[in-house]
Each structure stands twice: as C-alpha cells, then as structure tokens.
$ cat data_2.pdb   # PDB, C-alpha atoms
ATOM      1  CA  MET A   1      16.959  -6.308 -15.034  1.00  0.00           C
ATOM      2  CA  GLY A   2      16.467  -9.673 -16.690  1.00  0.00           C
ATOM      3  CA  GLU A   3      14.701 -10.940 -13.568  1.00  0.00           C
ATOM      4  CA  ALA A   4      12.241  -8.046 -13.730  1.00  0.00           C
ATOM      5  CA  ALA A   5      11.572  -8.687 -17.418  1.00  0.00           C
ATOM      6  CA  ARG A   6      10.927 -12.399 -16.796  1.00  0.00           C
ATOM      7  CA  THR A   7       8.626 -11.589 -13.904  1.00  0.00           C
ATOM      8  CA  SER A   8       6.592  -9.107 -15.947  1.00  0.00           C
ATOM      9  CA  ILE A   9       5.741 -11.994 -18.282  1.00  0.00           C
ATOM     10  CA  LEU A  10       3.993 -13.688 -15.334  1.00  0.00           C
ATOM     11  CA  SER A  11       0.967 -11.546 -16.071  1.00  0.00           C
ATOM     12  CA  ARG A  12       0.664  -8.772 -18.620  1.00  0.00           C
ATOM     13  CA  ARG A  13      -2.306  -7.488 -16.652  1.00  0.00           C
ATOM     14  CA  TRP A  14      -0.058  -6.475 -13.783  1.00  0.00           C
ATOM     15  CA  ARG A  15       1.745  -3.250 -14.324  1.00  0.00           C
ATOM     16  CA  ILE A  16       5.086  -2.307 -12.857  1.00  0.00           C
ATOM     17  CA  VAL A  17       7.074   0.868 -13.201  1.00  0.00           C
ATOM     18  CA  ASP A  18      10.799   0.147 -13.447  1.00  0.00           C
ATOM     19  CA  ILE A  19      11.835  -0.585  -9.850  1.00  0.00           C
ATOM     20  CA  PHE A  20      15.454   0.032 -10.725  1.00  0.00           C
ATOM     21  CA  SER A  21      14.690   3.671 -11.555  1.00  0.00           C
ATOM     22  CA  GLY A  22      13.480   4.366  -8.041  1.00  0.00           C
ATOM     23  CA  SER A  23       9.743   3.836  -8.442  1.00  0.00           C
ATOM     24  CA  SER A  24       7.743   0.662  -8.249  1.00  0.00           C
ATOM     25  CA  GLU A  25       4.068   0.348  -8.969  1.00  0.00           C
ATOM     26  CA  PHE A  26       2.289  -2.967  -8.573  1.00  0.00           C
ATOM     27  CA  ASP A  27      -1.172  -2.358  -9.948  1.00  0.00           C
ATOM     28  CA  GLY A  28      -3.490  -5.330 -10.295  1.00  0.00           C
ATOM     29  CA  SER A  29      -6.646  -3.365 -11.156  1.00  0.00           C
ATOM     30  CA  GLU A  30      -7.036  -4.989 -14.565  1.00  0.00           C
ATOM     31  CA  THR A  31      -6.565  -8.414 -13.023  1.00  0.00           C
ATOM     32  CA  LEU A  32      -9.358  -7.662 -10.556  1.00  0.00           C
ATOM     33  CA  PHE A  33     -11.630  -6.723 -13.438  1.00  0.00           C
ATOM     34  CA  GLU A  34     -10.767  -9.953 -15.275  1.00  0.00           C
ATOM     35  CA  ILE A  35     -11.364 -12.026 -12.159  1.00  0.00           C
ATOM     36  CA  GLU A  36     -14.893 -10.666 -11.956  1.00  0.00           C
ATOM     37  CA  TRP A  37     -15.486 -10.840 -15.717  1.00  0.00           C
ATOM     38  CA  ARG A  38     -14.095 -14.335 -16.294  1.00  0.00           C
ATOM     39  CA  ARG A  39     -14.958 -15.682 -12.847  1.00  0.00           C
ATOM     40  CA  LYS A  40     -11.368 -16.606 -12.085  1.00  0.00           C
ATOM     41  CA  SER A  41     -10.236 -17.592  -8.628  1.00  0.00           C
ATOM     42  CA  LEU A  42      -9.469 -14.485  -6.591  1.00  0.00           C
ATOM     43  CA  GLU A  43      -7.386 -16.470  -4.121  1.00  0.00           C
ATOM     44  CA  PHE A  44      -5.254 -17.968  -6.905  1.00  0.00           C
ATOM     45  CA  GLU A  45      -4.654 -14.560  -8.505  1.00  0.00           C
ATOM     46  CA  ARG A  46      -4.000 -12.991  -5.102  1.00  0.00           C
ATOM     47  CA  THR A  47      -1.326 -15.600  -4.356  1.00  0.00           C
ATOM     48  CA  ARG A  48       0.302 -14.993  -7.752  1.00  0.00           C
ATOM     49  CA  PHE A  49       0.200 -11.233  -7.258  1.00  0.00           C
ATOM     50  CA  VAL A  50       1.820 -11.404  -3.801  1.00  0.00           C
ATOM     51  CA  SER A  51       4.515 -13.775  -5.069  1.00  0.00           C
ATOM     52  CA  TRP A  52       5.239 -11.412  -7.938  1.00  0.00           C
ATOM     53  CA  VAL A  53       5.566  -8.375  -5.657  1.00  0.00           C
ATOM     54  CA  ASN A  54       7.770 -10.314  -3.222  1.00  0.00           C
ATOM     55  CA  GLN A  55      10.041 -11.546  -6.019  1.00  0.00           C
ATOM     56  CA  ILE A  56      10.554  -8.055  -7.478  1.00  0.00           C
ATOM     57  CA  LEU A  57      11.191  -6.441  -4.087  1.00  0.00           C
ATOM     58  CA  ARG A  58      13.699  -9.158  -3.151  1.00  0.00           C
ATOM     59  CA  SER A  59      15.605  -8.509  -6.373  1.00  0.00           C
ATOM     60  CA  HIS A  60      15.916  -4.763  -5.787  1.00  0.00           C
ATOM     61  CA  GLN A  61      19.555  -3.821  -5.243  1.00  0.00           C
ATOM     62  CA  GLY A  62      19.430  -0.021  -5.086  1.00  0.00           C
ATOM     63  CA  PRO A  63      19.908   1.984  -1.895  1.00  0.00           C
ATOM     64  CA  SER A  64      16.545   3.737  -2.100  1.00  0.00           C
ATOM     65  CA  VAL A  65      13.092   3.687  -3.658  1.00  0.00           C
ATOM     66  CA  ASP A  66      11.226   6.924  -4.205  1.00  0.00           C
ATOM     67  CA  GLU A  67       7.764   5.399  -4.548  1.00  0.00           C
ATOM     68  CA  LEU A  68       6.045   2.121  -3.734  1.00  0.00           C
ATOM     69  CA  LYS A  69       2.464   1.575  -4.822  1.00  0.00           C
ATOM     70  CA  VAL A  70       0.539  -1.672  -4.346  1.00  0.00           C
ATOM     71  CA  CYS A  71      -3.009  -1.918  -5.630  1.00  0.00           C
ATOM     72  CA  PHE A  72      -4.892  -5.213  -5.337  1.00  0.00           C
ATOM     73  CA  ASP A  73      -7.590  -6.976  -3.327  1.00  0.00           C
ATOM     74  CA  MET A  74      -5.595  -8.049  -0.277  1.00  0.00           C
ATOM     75  CA  ASP A  75      -6.887 -10.342   2.445  1.00  0.00           C
ATOM     76  CA  LYS A  76      -5.570  -9.336   5.853  1.00  0.00           C
ATOM     77  CA  GLN A  77      -5.673 -12.818   7.328  1.00  0.00           C
ATOM     78  CA  SER A  78      -3.619 -14.539   4.649  1.00  0.00           C
ATOM     79  CA  TYR A  79      -1.150 -11.824   3.674  1.00  0.00           C
ATOM     80  CA  LYS A  80      -0.470  -9.709   6.759  1.00  0.00           C
ATOM     81  CA  CYS A  81       3.131 -10.923   6.963  1.00  0.00           C
ATOM     82  CA  ASP A  82       3.766 -10.103   3.299  1.00  0.00           C
ATOM     83  CA  ILE A  83       2.299  -6.607   3.629  1.00  0.00           C
ATOM     84  CA  ASP A  84       4.350  -6.015   6.795  1.00  0.00           C
ATOM     85  CA  ASN A  85       7.454  -7.031   4.821  1.00  0.00           C
ATOM     86  CA  TRP A  86       6.574  -4.543   2.059  1.00  0.00           C
ATOM     87  CA  ILE A  87       6.439  -1.812   4.692  1.00  0.00           C
ATOM     88  CA  VAL A  88       9.798  -2.923   6.110  1.00  0.00           C
ATOM     89  CA  PHE A  89      11.226  -2.837   2.564  1.00  0.00           C
ATOM     90  CA  ALA A  90       9.884   0.702   2.112  1.00  0.00           C
ATOM     91  CA  ILE A  91      11.376   1.848   5.409  1.00  0.00           C
ATOM     92  CA  GLN A  92      14.761   0.313   4.624  1.00  0.00           C
ATOM     93  CA  LYS A  93      14.795   1.962   1.190  1.00  0.00           C
ATOM     94  CA  ASN A  94      14.050   5.473   2.561  1.00  0.00           C
ATOM     95  CA  ILE A  95      10.705   5.616   0.785  1.00  0.00           C
ATOM     96  CA  ARG A  96       9.314   9.037  -0.128  1.00  0.00           C
ATOM     97  CA  LYS A  97       5.840   8.068  -1.325  1.00  0.00           C
ATOM     98  CA  LEU A  98       3.972   5.027  -0.063  1.00  0.00           C
ATOM     99  CA  GLU A  99       0.588   3.998  -1.447  1.00  0.00           C
ATOM    100  CA  PHE A 100      -1.496   0.960  -0.553  1.00  0.00           C
ATOM    101  CA  ASP A 101      -4.928   0.460  -2.098  1.00  0.00           C
ATOM    102  CA  PHE A 102      -6.332  -2.862  -0.938  1.00  0.00           C
ATOM    103  CA  ARG A 103      -9.675  -2.503  -2.685  1.00  0.00           C
ATOM    104  CA  THR A 104     -12.059  -5.394  -2.891  1.00  0.00           C
ATOM    105  CA  ASN A 105     -12.728  -7.224  -6.102  1.00  0.00           C
ATOM    106  CA  THR A 106     -16.460  -6.586  -5.894  1.00  0.00           C
ATOM    107  CA  GLY A 107     -16.312  -3.059  -4.530  1.00  0.00           C
ATOM    108  CA  ASP A 108     -17.940  -4.179  -1.284  1.00  0.00           C
ATOM    109  CA  VAL A 109     -16.671  -2.736   1.958  1.00  0.00           C
ATOM    110  CA  ARG A 110     -14.401  -5.293   3.589  1.00  0.00           C
ATOM    111  CA  ARG A 111     -14.855  -5.784   7.314  1.00  0.00           C
ATOM    112  CA  ASP A 112     -11.471  -7.313   8.016  1.00  0.00           C
ATOM    113  CA  LEU A 113      -9.030  -4.715   6.709  1.00  0.00           C
ATOM    114  CA  TYR A 114      -5.291  -4.749   7.082  1.00  0.00           C
ATOM    115  CA  THR A 115      -4.232  -2.485   9.951  1.00  0.00           C
ATOM    116  CA  PHE A 116      -1.133  -0.387   9.392  1.00  0.00           C
ATOM    117  CA  PRO A 117       1.310  -1.476  12.141  1.00  0.00           C
ATOM    118  CA  VAL A 118       2.400   1.401  14.379  1.00  0.00           C
ATOM    119  CA  ARG A 119       5.029  -0.901  15.934  1.00  0.00           C
ATOM    120  CA  LEU A 120       7.007  -0.855  12.681  1.00  0.00           C
ATOM    121  CA  LEU A 121       7.098   2.915  12.709  1.00  0.00           C
ATOM    122  CA  GLU A 122       8.187   3.111  16.327  1.00  0.00           C
ATOM    123  CA  ILE A 123      11.360   1.135  15.593  1.00  0.00           C
ATOM    124  CA  SER A 124      12.078   2.720  12.218  1.00  0.00           C
ATOM    125  CA  ASN A 125      12.994   5.976  10.594  1.00  0.00           C
ATOM    126  CA  LEU A 126      10.539   7.304   8.032  1.00  0.00           C
ATOM    127  CA  GLY A 127      12.205  10.698   7.897  1.00  0.00           C
ATOM    128  CA  PHE A 128      12.179  10.750   4.078  1.00  0.00           C
ATOM    129  CA  LEU A 129       8.440  10.068   3.696  1.00  0.00           C
ATOM    130  CA  THR A 130       6.639  12.966   2.027  1.00  0.00           C
ATOM    131  CA  SER A 131       3.404  11.321   0.897  1.00  0.00           C
ATOM    132  CA  GLN A 132       1.283   8.463   2.211  1.00  0.00           C
ATOM    133  CA  LEU A 133      -1.895   7.293   0.529  1.00  0.00           C
ATOM    134  CA  LEU A 134      -3.894   4.481   2.097  1.00  0.00           C
ATOM    135  CA  ALA A 135      -7.189   3.053   0.834  1.00  0.00           C
ATOM    136  CA  ASN A 136      -9.063   0.127   2.341  1.00  0.00           C
ATOM    137  CA  VAL A 137      -6.536  -0.015   5.188  1.00  0.00           C
ATOM    138  CA  ASN A 138      -7.378   0.458   8.859  1.00  0.00           C
ATOM    139  CA  VAL A 139      -5.713   3.649  10.007  1.00  0.00           C
ATOM    140  CA  THR A 140      -6.371   5.149  13.434  1.00  0.00           C
ATOM    141  CA  GLY A 141      -6.153   8.785  14.442  1.00  0.00           C
ATOM    142  CA  GLU A 142      -3.339   7.861  16.820  1.00  0.00           C
ATOM    143  CA  PHE A 143      -1.377   6.370  13.923  1.00  0.00           C
ATOM    144  CA  LEU A 144      -1.754   9.510  11.811  1.00  0.00           C
ATOM    145  CA  GLU A 145      -0.891  11.745  14.765  1.00  0.00           C
ATOM    146  CA  TYR A 146       2.254   9.661  15.292  1.00  0.00           C
ATOM    147  CA  LEU A 147       3.195  10.141  11.622  1.00  0.00           C
ATOM    148  CA  LEU A 148       2.639  13.877  11.817  1.00  0.00           C
ATOM    149  CA  SER A 149       4.698  14.276  14.966  1.00  0.00           C
ATOM    150  CA  HIS A 150       7.628  12.072  13.886  1.00  0.00           C
ATOM    151  CA  ILE A 151       8.023  12.654  10.144  1.00  0.00           C
ATOM    152  CA  PRO A 152       9.208  16.194   9.458  1.00  0.00           C
ATOM    153  CA  PHE A 153       8.772  16.258   5.652  1.00  0.00           C
ATOM    154  CA  LEU A 154       5.344  14.627   5.411  1.00  0.00           C
ATOM    155  CA  GLU A 155       3.305  16.822   3.059  1.00  0.00           C
ATOM    156  CA  VAL A 156       0.386  14.654   1.932  1.00  0.00           C
ATOM    157  CA  ILE A 157      -1.728  12.118   3.786  1.00  0.00           C
ATOM    158  CA  SER A 158      -4.685  10.486   2.072  1.00  0.00           C
ATOM    159  CA  VAL A 159      -6.917   7.984   3.840  1.00  0.00           C
ATOM    160  CA  LYS A 160      -9.891   6.399   2.115  1.00  0.00           C
ATOM    161  CA  LEU A 161     -12.338   3.849   3.449  1.00  0.00           C
ATOM    162  CA  SER A 162     -10.861   3.382   6.905  1.00  0.00           C
ATOM    163  CA  PRO A 163     -13.770   2.723   9.264  1.00  0.00           C
ATOM    164  CA  VAL A 164     -11.637   2.978  12.424  1.00  0.00           C
ATOM    165  CA  LEU A 165     -10.549   6.572  11.701  1.00  0.00           C
ATOM    166  CA  VAL A 166     -13.086   8.656  13.590  1.00  0.00           C
ATOM    167  CA  SER A 167     -11.079  11.555  15.052  1.00  0.00           C
ATOM    168  CA  LEU A 168      -7.805  13.276  14.345  1.00  0.00           C
ATOM    169  CA  ASN A 169      -5.811  16.151  15.801  1.00  0.00           C
ATOM    170  CA  VAL A 170      -3.976  17.701  12.883  1.00  0.00           C
ATOM    171  CA  SER A 171      -0.529  19.205  13.354  1.00  0.00           C
ATOM    172  CA  GLY A 172       2.571  18.956  11.285  1.00  0.00           C
ATOM    173  CA  PRO A 173       5.177  21.473  10.201  1.00  0.00           C
ATOM    174  CA  SER A 174       5.119  20.561   6.516  1.00  0.00           C
ATOM    175  CA  LEU A 175       1.648  19.047   6.030  1.00  0.00           C
ATOM    176  CA  LYS A 176       0.031  20.614   2.964  1.00  0.00           C
ATOM    177  CA  TYR A 177      -2.794  18.183   2.204  1.00  0.00           C
ATOM    178  CA  LEU A 178      -4.915  15.913   4.348  1.00  0.00           C
ATOM    179  CA  ILE A 179      -7.318  14.027   2.132  1.00  0.00           C
ATOM    180  CA  ARG A 180      -9.892  11.792   3.652  1.00  0.00           C
ATOM    181  CA  ASP A 181     -12.875   9.827   2.461  1.00  0.00           C
ATOM    182  CA  THR A 182     -14.077   8.620   5.822  1.00  0.00           C
ATOM    183  CA  PRO A 183     -17.523   9.489   7.156  1.00  0.00           C
ATOM    184  CA  LEU A 184     -17.850  10.850  10.678  1.00  0.00           C
ATOM    185  CA  LEU A 185     -14.249  12.020  10.886  1.00  0.00           C
ATOM    186  CA  GLN A 186     -13.846  14.867  13.344  1.00  0.00           C
ATOM    187  CA  PHE A 187     -10.885  17.180  12.934  1.00  0.00           C
ATOM    188  CA  GLY A 188      -9.080  19.022  15.689  1.00  0.00           C
ATOM    189  CA  LYS A 189      -6.292  21.519  15.075  1.00  0.00           C
ATOM    190  CA  SER A 190      -3.327  21.751  17.384  1.00  0.00           C
TER     191      SER A 190
END

$ encode --input "data_2.pdb" --output "structure tokens"
Amino acid sequence: MGEAARTSILSRRWRIVDIFSGSSEFDGSETLFEIEWRRKSLEFERTRFVSWVNQILRSHQGPSVDELKVCFDMDKQSYKCDIDNWIVFAIQKNIRKLEFDFRTNTGDVRRDLYTFPVRLLEISNLGFLTSQLLANVNVTGEFLEYLLSHIPFLEVISVKLSPVLVSLNVSGPSLKYLIRDTPLLQFGKS
C-alpha cells in the first residue's frame, strides 16, 4: 500500500482507483490536457505514465482484478510490449472489465494504432471477462468474433475509432450490448 501511495505522488494529475480493492484505473486525461496547454513533452509524459502503470501492476499481489482501465495517448511503436504486458496481467488476474482508451493528445485520428493481439487470447483463458471497451485501438471483426465465441460471460463490447473494423458477425450467448463508433461497419447476425 505504501508503494501505491508513493507512486501516486509521481503525478497528481494521474488518477488511480485502489488496485488492492480489485479495480485499477490509470487515467491520464488531465495530463494530456496539461501537455497541450503548457506545451510539455508528450513523449516524456508518456514514458512517465507507462512507468507508473508498470510499477503499480508489478506491485499487485492479489489473485484477481475486477477492472483495468488505461486512458492515455499511447504510441504503438514505442509501447507495444508494455501494452501487451498489461493484457497478460489482466488475463492472469481473471479480469472482468478491460478498458483501453489510447486517445491522441490533439484529438487527431492516429494512423498507427495499437492492434489488440489475438495470439494472446488464443493461449489464454478470458472466461471471466464480462465487458471490454476499446477506443483508438485496432480491432478486427475476426478478433471480436473470436471473443464472442470463446468468452461465455461477455455482455458488453464497445469499440470506438477502430478503422480496421469494417464487418462483424454478431453471436454470443450472453452479449447484451455491442457499442460501436466506427463508420461503415456492417453487421451480420448468426
């Protein structure tokens, strides 16, 4: 607990929900606003943010995490390995709700988005996942179809700003909500 308290001092602009209670929220939205307002170095702040998330996740000792949310401007090229490790952490901790929002600092549409790795899902068990929210992450229809066919309790899927998602066959025994903000998405029902 002391480690988490010391880490939160790193930046008051970063918000974290107590990871030891089962939920962890790493929200750097205010930092993104300050970067634009004060013309700070995005790359410097991004490196600090990733280090902070990594440090907190490494210190987690509990058997599970109900929710993991990461919200920051993430560069696929530089931080793919870190993001992959966050997903591995979530899988190992029997995550129920996973949310990644890798928005850009300026609000521009990023061309080189992080792609959610299907290979991690194929070798893992996400049987506890009930909700997945992804924004500014490349998600294909095949990926979502894989989730729907292999995760029995998945109730909510939200995908925003994923230019590679153009078609999707929807089927899932427990799916209640499919939220999308992607133009040209064609739905099929099976």

$ resolve_selection --input "data_2.pdb" --expression "the PyMOL selection byres ((chain A and resi 82-99) around 8)" --output "list in words"
Val50, Asn54, Leu57, Pro63, Ser64, Val65, Asp66, Glu67, Leu68, Lys69, Val70, Tyr79, Lys80, Cys81, Phe100, Asp101, Pro117, Leu120, Ser124, Asn125, Leu126, Gly127, Phe128, Leu129, Thr130, Ser131, Gln132, Leu133 and Leu134 of chain A

$ atom_distance --input "data_2.pdb" --atom1 "CA of Ile157 (chain A)" --atom2 "CA of Phe102 (chain A)"
16.4 Å

$ atom_distance --input "data_2.pdb" --atom1 "CA of Leu42 (chain A)" --atom2 "CA of Phe72 (chain A)"
10.4 Å

$ resolve_selection --input "data_2.pdb" --expression "the PyMOL selection byres ((chain A and resi 138) around 8)" --output "NGL selection string"
:A and (113-116 or 136-137 or 139-140 or 162-165)

$ atom_distance --input "data_2.pdb" --atom1 "CA of Val159 (chain A)" --atom2 "CA of Thr104 (chain A)"
15.8 Å

$ closest_residue --input "data_2.pdb" --among "A:Ala135, A:Cys71, A:Leu147, A:Leu178" --to "Lys160 (chain A)" --atoms "all atoms listed in the file"
A:Ala135

$ closest_residue --input "data_2.pdb" --among "A:Asn169, A:Leu121, A:Glu30, A:Arg180" --to "Val156 (chain A)" --atoms "all atoms listed in the file"
A:Arg180
